[in-house]
Structures are given as structure tokens and as C-alpha cells.
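Trainee: Below you'll find the structure I mean.
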Number of protein chains: 2
Amino acid sequence: MIDCGEGAQRQMRRSRLSFSRLNHIFISHLHGDHCFGLPGLISTFSLLGRTAPLHIYAPQKLEELMLPWLHYFCHGISFSPVFHPITPENGFSVIYEDRSVTVYSFPLNHRIPCCGFLFREKATLPHIRRDMIDFLNIPVCEINNIKNGADWTTPDGKFFANNRLVYPADPPRSYAYCSDTAPLPENAEILQGIDLLFHESTFAESEILRAAQTFHSTARQAAEFARQARVKQLLIGHYSSRYNDESTLLDEARNIFPNTLAAKENMKIVL
Amino acid sequence: MIDCGEGAQRQMRRSRLSFSRLNHIFISHLHGDHCFGLPGLISTFSLLGRTAPLHIYAPQKLEELMLPWLHYFCHGISFSPVFHPITPENGFSVIYEDRSVTVYSFPLNHRIPCCGFLFREKATLPHIRRDMIDFLNIPVCEINNIKNGADWTTPDGKFFANNRLVYPADPPRSYAYCSDTAPLPENAEILQGIDLLFHESTFAESEILRAAQTFHSTARQAAEFARQARVKQLLIGHYSSRYNDESTLLDEARNIFPNTLAAKENMKIVL
């Protein structure tokens, strides 16, 4: 989960996301609309008897603010919330890694210290061609070697190169999240060519002064950043409540970066 | 507002309730589902530039828990949240009074200290009979006297008793809120004959042991309390999430106290 505003647990239920599959929460900055959902989420997890630790990556101050609440409201909590401090000042850095994904944080430009996050899937192994395995009677114990690149020679000496035995691996996917921030072109390099970029567009270009004053971006600025970073798709969001619908912002962004989507509540995007 | 769970500000918007008319919040007890909406509500009020103080009546510990959050998240807050400690141990006591209403707190029986609230409207003045005022040519400056009980004698000596000049005042309304609590029959006396009683019914009678263990009430117990207190109408709510709809609980309560309603989100009841 990236950021956890008030009502996040309700939105998870609405989207039928499993509570037990959530193990890592990344908090970009300590404004209420990005973290006020944590006390309720953690309380609910405890009421449900969760035992797995919940890892929370956030500016250091969050732990200090949360602990008195957890001690008081989640007395006898059934699991450990584990706080991992992140420091936007450190620049682009790895904050989490497992065998399938690496998560980086990078500085954004907001009124208070604020991080963006980049999720890069690791390269996966190619897919075995079941038809070839069956045809050549290759034993099961060899499949892992073939996935890892081995060729095959039949008992009567016929050679099959690895690329005849597998389909190519899925390309690793990448997603970045930039909210809240004034435009920060220097991040375009680290996000070059990613599959999907969420970039806030709080305002339309007509409010560019207000955007600058509040360290937010306009839809045009978000789209220019997406173009500069050559991302495959842009998702805009974090709209000011002055906009009754997001069409103005979406039109403005598409004018510069056509492959733009406008985020909506409970929207699902398949990469 | 009575209690302020996560998402309360969103529910206010959905119900089109005016933020600026909310000046007093009464918190029954410090479980998260009764107060986790406060940080977001207060932040939003500050963002909107509210200036009027917001009075919060709650167990003393709430102020201690909230202040570090307010200092950090509502830096430069535009108004004062004023915390008034309430102490369930004090028994039935006045915690707020103005010219139109008196608010009392009284102890409930929950796992942690918990208060019920009784709202008693003060007696209002009778309604002037416009037709009689016009017919008798009574000057405007006399209307306040007549509202306060004066009779009227016409210049030619005809006497009109006050009750011919006014319609009776609306009867003062009364509402009580009892959540969360195991049955507490001793409260029936102080709530005798009130117009509307909200009483939690977390469980159906089939879960009476679970209700006792968790210091909650069953629908039957809520209805028996309503009957004992001779209230005019009962509103049940605070259902356990095990019930997909409230019909079991409503049927059980109506069996004992027919004039029962089941609370739903954003429900509005006119007294």
C-alpha cells in the first residue's frame, strides 16, 4: 500500500483486497491525507487476530506519533507494526528488496520532506514450452536447468538450443508514485521508460501560481514530466476539490502526453 | 456530533451537514471506532479556515493523545479545539448547557470507562396566534409579553386570556445515546419517557454470552431497557459485522418493544 489516508481500510474492503496479503505500507510524507488511515487499519488488523508483522516505511517522526496511539488503542495487539524510517534527503535509494521486487525512494519537492517510490520487478525466468518438453521426453528434474538457460541434447544426440525449449520471460514491470510534489525534472532520469507513472496533478494550468505556492503540480506539468521520462503510461490524480470532475485535468495532460489515465476511487489497472 | 469514527467527515459531507454548524463533539469512550475520525475532521476544518472553537467532551486521556498529533499535523491551526474532560465515575451530571439544551453524561458498563449522553431541550415559548394578533390590532411591542404569558385587554375593555392568543409551545424534545454497554437497568430511571433512545445492540440473543464477555447488549436487552425506561421510540445500532443485515436484530427488538427502528448509515430521524 502506498499512503494510507482516512478510510483506507474501507476502500480495501470495497475493492475486495485481502487484508492478510498486505505486509508493506509506504508513506510518502506526513500530511494527514496520506497517513490518517493507519490507526484504524492497524486496529482492525489486530481485532482480526493478524499475526504477521506489518512493515511501515515512513519518515521517522511517524513512529513517534503512532506509538502512544498504538499503546493506548491497540493494547494487546496481536502482531508487530514495524517502522522503517525513510529519509528523502538520502536521494535515490533502495528501501526494500525481496526476491521479486526492489523498492526505491527518491526525493520529491513538497512543503515538508516527501518521498516518491519506484517499484521495479526483478527479471523472471522464461516460461517452459510444455509441448517441447513432452515431445522430447525431458525429465522433470531438468526443467529448472532449462528455465535457467540450459540447452538439451536427446539420447540419440540431437541438439536443441534453449530458445527452442522456452518462451521468453515476461518483461519486468515498473511503477512509480510521485505525490505530493512540485515538478522535479531531475527525477526523469531515474524513472526513464517505466511502465506506469502516477504523478499528482492537483491543479489545472490556470492555477499554476497556486500550484507553485503549495508545492503541487498542474496536469500539464505532470504530462511534461511523463514525456521527459518517456514512461509508457501516465496516471494523474490527487485532484483539488475545486474540480467537480477530472476531465479538465485529463484533457490538459493528454494534450501533451496522450497515454494518460485519470485516477478514480477503487480503480484497478493491470500492467 | 456524538462519537467520531474514522470517515466521520465523509459521512457529514454525504449527509450534507454543514461543517460550520458543528461546534460540540461528545465522545463516549476511547475505542478507535468512536474517535479515529477526529484528526481528519480537525485537519479539514483547519484547511477550510474555521475560526470558531470546537468543543470536544471526552475522557481526559483523549487530549493527551490528540495534542502531539494536532501540533504536528495541524501546525498553524486556524481555530482552537477545546477539550473538556468527562468522568463517567461522577454519575449522572450536566456537561454542557446553553439557552436551548442541557447535555448530561451518565455511566455505561463497557470494558473501559464509557459514557452515555442525554440531550434535553429546554422548554420553549408558545407560538403567537397571528390571526388573533391581527384581529385585535395588538402592537408588535406587546408580542414578547404575550409569548411569556400575558393576557390582553382591548382599548374598549374586552379581556382575552393568554391561551386564546397563543398556540401551545412545542414539547421539549429529548434524546439519549447508549453505546457501548452491557445492559444497565439503573439508567432507566434517568431516561424515563424520553422521545428517542439510541441503544446499541451489537448482538442477537443467540450470542448473549459473547455480548456479556465483551460488555455489549443484545437486541432483546436493548428493547427491554427501552420498555423499562418507557421511551417513546428506540433506535438500535452498532451491529456486529457478523450480521449481513439488521433484520434479525430488529425483529428481536420489536418483539419486545414495537416502536423500534434500526439505524442505517446517513439515516435521518425527525423528532
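Ligands are numbered from 1 in the order shown, residues from 1 within each chain, and chains are lettered A, B, ... in the order they appear in the C-alpha cells.
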I need the contact residues of chain A against chain B, so if you could list those with any atom within 10 Å, counting only C-alpha atoms, and return them as JSON, numbers by chain, that would help.

Mentor: {"A": [5, 6, 7, 8, 9, 10, 30, 31, 32, 33, 35, 36, 37, 38, 39, 40, 41, 43, 44, 61, 62, 64, 65, 66, 68, 69, 72, 73, 74]}

Trainee: For A:Pro59, work out the shell of residues within 7 Å, counting only C-alpha atoms and skipping chain neighbours fewer than 3 positions away, then give it as a PyMOL selection string.

Mentor: chain A and resi 29+62+85-87

Trainee: May I ask which of the residues A:Thr181, A:Thr124, A:Ser100, A:Ser46 is the closest one to A:Ala212, counting only C-alpha atoms?

Mentor: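 Closest to A:Ala212 of all the choices is A:Thr181.
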
Trainee: I'd like the neighbourhood of B:Met132 as a VMD selection string, where a residue qualifies if any of its atoms comes within 12 Å (using only C-alpha atoms), though same-chain residues fewer than 5 positions away should be ignored.

Mentor: chain B and resid 127 137 to 139 143 146 152 154 160 to 167

Trainee: Could those selected residues go to a file with N, CA and C atoms, as a PDB file, in the first residue's frame?

Mentor:
```
ATOM      1  N   HIS B 127     -46.378  29.578  20.615  1.00  0.00           N
ATOM      2  CA  HIS B 127     -46.415  30.243  19.304  1.00  0.00           C
ATOM      3  C   HIS B 127     -47.526  31.280  19.290  1.00  0.00           C
ATOM      4  N   ASN B 137     -55.497  43.874  16.637  1.00  0.00           N
ATOM      5  CA  ASN B 137     -54.576  45.017  16.451  1.00  0.00           C
ATOM      6  C   ASN B 137     -53.592  45.187  17.600  1.00  0.00           C
ATOM      7  N   ILE B 138     -53.051  44.075  18.080  1.00  0.00           N
ATOM      8  CA  ILE B 138     -52.094  44.142  19.194  1.00  0.00           C
ATOM      9  C   ILE B 138     -50.756  44.642  18.657  1.00  0.00           C
ATOM     10  N   PRO B 139     -50.165  45.696  19.269  1.00  0.00           N
ATOM     11  CA  PRO B 139     -48.902  46.236  18.736  1.00  0.00           C
ATOM     12  C   PRO B 139     -47.743  45.246  18.887  1.00  0.00           C
ATOM     13  N   ILE B 143     -45.792  41.648  21.748  1.00  0.00           N
ATOM     14  CA  ILE B 143     -45.778  40.229  21.381  1.00  0.00           C
ATOM     15  C   ILE B 143     -44.914  39.403  22.328  1.00  0.00           C
ATOM     16  N   ILE B 146     -46.763  38.637  25.465  1.00  0.00           N
ATOM     17  CA  ILE B 146     -47.799  37.613  25.253  1.00  0.00           C
ATOM     18  C   ILE B 146     -47.159  36.224  25.144  1.00  0.00           C
ATOM     19  N   TRP B 152     -54.529  39.905  27.364  1.00  0.00           N
ATOM     20  CA  TRP B 152     -54.686  41.165  26.609  1.00  0.00           C
ATOM     21  C   TRP B 152     -56.085  41.730  26.837  1.00  0.00           C
ATOM     22  N   THR B 154     -58.545  44.725  25.349  1.00  0.00           N
ATOM     23  CA  THR B 154     -58.657  45.674  24.235  1.00  0.00           C
ATOM     24  C   THR B 154     -58.956  47.069  24.808  1.00  0.00           C
ATOM     25  N   PHE B 160     -58.946  39.107  26.861  1.00  0.00           N
ATOM     26  CA  PHE B 160     -58.571  37.855  26.167  1.00  0.00           C
ATOM     27  C   PHE B 160     -57.483  37.141  26.977  1.00  0.00           C
ATOM     28  N   ALA B 161     -57.839  35.976  27.496  1.00  0.00           N
ATOM     29  CA  ALA B 161     -56.851  35.200  28.264  1.00  0.00           C
ATOM     30  C   ALA B 161     -55.722  34.781  27.321  1.00  0.00           C
ATOM     31  N   ASN B 162     -54.520  34.618  27.881  1.00  0.00           N
ATOM     32  CA  ASN B 162     -53.325  34.280  27.087  1.00  0.00           C
ATOM     33  C   ASN B 162     -53.542  33.079  26.185  1.00  0.00           C
ATOM     34  N   ASN B 163     -54.255  32.058  26.700  1.00  0.00           N
ATOM     35  CA  ASN B 163     -54.381  30.830  25.899  1.00  0.00           C
ATOM     36  C   ASN B 163     -55.235  31.023  24.645  1.00  0.00           C
ATOM     37  N   ARG B 164     -55.904  32.211  24.497  1.00  0.00           N
ATOM     38  CA  ARG B 164     -56.606  32.497  23.248  1.00  0.00           C
ATOM     39  C   ARG B 164     -55.687  33.206  22.251  1.00  0.00           C
ATOM     40  N   LEU B 165     -54.526  33.637  22.742  1.00  0.00           N
ATOM     41  CA  LEU B 165     -53.609  34.421  21.894  1.00  0.00           C
ATOM     42  C   LEU B 165     -52.432  33.599  21.373  1.00  0.00           C
ATOM     43  N   VAL B 166     -52.266  32.426  21.941  1.00  0.00           N
ATOM     44  CA  VAL B 166     -51.110  31.600  21.543  1.00  0.00           C
ATOM     45  C   VAL B 166     -51.527  30.147  21.324  1.00  0.00           C
ATOM     46  N   TYR B 167     -50.724  29.465  20.502  1.00  0.00           N
ATOM     47  CA  TYR B 167     -50.798  28.004  20.444  1.00  0.00           C
ATOM     48  C   TYR B 167     -49.742  27.475  21.417  1.00  0.00           C
TER      49      TYR B 167
END
```

Trainee: Can you pull out the residues contacting stretch 191-199 of chain A? Cut-off 6 Å, using only C-alpha atoms, and skip same-chain residues under 2 positions away; I want them as a list in words.

Mentor: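 Listed by chain and then number, they are Ser174, Tyr175, Ala176, Tyr177, Cys178, Ala188, Glu189, Ala222, Ala229, Arg230, Val231, Lys232, Gln233, Leu234, Leu235 and Ile236 of chain A.
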
Trainee: Based on DSSP run over this structure's backbone, return all residues of stretch 7-132 of chain A in helix (DSSP H, G or I), as number ranges by chain.

Mentor: A: 8-14, 19-21, 32-34, 38-47, 61-73, 88-90, 130-132

Trainee: Would you pick out the contacts of stretch 89-96 of chain A at 9 Å or less, using only C-alpha atoms, so that residues sharing its chain but fewer than 2 positions from it are not included, and give the list as a ChimeraX atom specification?

Mentor: /A:57,84,86-87,98,101-107,113,190

Trainee: Just give me the gap between atom CA of B:Glu186 and atom CA of B:Phe225 in Å, one decimal is fine.

Mentor: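 So the two atoms, atom CA of B:Glu186 and atom CA of B:Phe225, lie 9.5 Å apart.
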
Trainee: For the strand (DSSP E or B) assignment from backbone DSSP, which residues of stretch 98-186 of chain A qualify? Please present them as a ChimeraX atom specification.

Mentor: /A:101-107,115-121,127-128,152-153,159-160,166-167,174-178

Trainee: At what distance in Å, to one decimal, does atom CA of B:Asp180 lie from atom CA of B:Glu252?

Mentor: 18.9 Å

Trainee: Find the residues around B:Arg227 up to 8 Å (only C-alpha atoms counted), leave out those fewer than 4 positions away in its own chain, and share them as a list in words.

Mentor: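 The residues satisfying every condition are Ala223, Val231, Ile256 and Phe257 of chain B.
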
Trainee: May I have the selected residues written with N, CA, C and O atoms, as a PDB file, in the first residue's frame?

Mentor:
```pdb
ATOM      1  N   ALA B 223     -34.159  -3.666  23.865  1.00  0.00           N
ATOM      2  CA  ALA B 223     -35.612  -3.451  23.846  1.00  0.00           C
ATOM      3  C   ALA B 223     -36.192  -3.500  25.254  1.00  0.00           C
ATOM      4  O   ALA B 223     -37.098  -2.724  25.596  1.00  0.00           O
ATOM      5  N   VAL B 231     -39.478   4.754  26.993  1.00  0.00           N
ATOM      6  CA  VAL B 231     -39.129   5.753  25.989  1.00  0.00           C
ATOM      7  C   VAL B 231     -40.176   5.707  24.878  1.00  0.00           C
ATOM      8  O   VAL B 231     -40.907   4.713  24.738  1.00  0.00           O
ATOM      9  N   ILE B 256     -40.327  -7.170  21.565  1.00  0.00           N
ATOM     10  CA  ILE B 256     -40.455  -6.699  22.950  1.00  0.00           C
ATOM     11  C   ILE B 256     -40.854  -5.235  22.997  1.00  0.00           C
ATOM     12  O   ILE B 256     -41.638  -4.811  23.824  1.00  0.00           O
ATOM     13  N   PHE B 257     -40.301  -4.444  22.062  1.00  0.00           N
ATOM     14  CA  PHE B 257     -40.587  -3.003  22.044  1.00  0.00           C
ATOM     15  C   PHE B 257     -40.932  -2.627  20.599  1.00  0.00           C
ATOM     16  O   PHE B 257     -40.036  -2.355  19.787  1.00  0.00           O
TER      17      PHE B 257
END
```

Trainee: What's the separation between atom CA of A:Phe79 and atom CA of A:Ala58, in Å to one decimal place?

Mentor: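 Computing the Euclidean distance for atom CA of A:Phe79 and atom CA of A:Ala58 yields 18.7 Å.
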
Trainee: Using only C-alpha atoms, which protein or nucleic acid residues come within 8 Å of A:Ser78? Drop anything in the same chain fewer than 6 positions from it, and give the result as a PyMOL selection string.

Mentor: chain A and resi 46-47+49-51

Trainee: Please dump the current selection as a CSV table (one decimal), in the first residue's frame; keep N, CA, C and O atoms.

Mentor:
```
chain,number,residue,atom,x,y,z
A,46,SER,N,-5.6,-5.9,14.2
A,46,SER,CA,-5.4,-6.5,15.5
A,46,SER,C,-6.7,-7.2,15.9
A,46,SER,O,-6.7,-8.4,16.4
A,47,LEU,N,-7.9,-6.6,15.7
A,47,LEU,CA,-9.1,-7.2,16.0
A,47,LEU,C,-9.4,-8.5,15.3
A,47,LEU,O,-10.0,-9.4,15.8
A,49,GLY,N,-7.1,-10.5,14.6
A,49,GLY,CA,-6.1,-11.5,15.0
A,49,GLY,C,-4.9,-11.7,14.1
A,49,GLY,O,-4.3,-12.8,14.2
A,50,ARG,N,-4.6,-10.7,13.3
A,50,ARG,CA,-3.4,-10.8,12.4
A,50,ARG,C,-2.2,-11.2,13.3
A,50,ARG,O,-2.0,-10.7,14.4
A,51,THR,N,-1.3,-12.0,12.7
A,51,THR,CA,-0.1,-12.3,13.5
A,51,THR,C,1.2,-11.8,12.7
A,51,THR,O,2.2,-11.5,13.3
```

Trainee: From the list B:Leu136, B:Ala219, B:Leu209, B:Met1, which residue is nearest B:His34 when using only C-alpha atoms?

Mentor: B:Met1
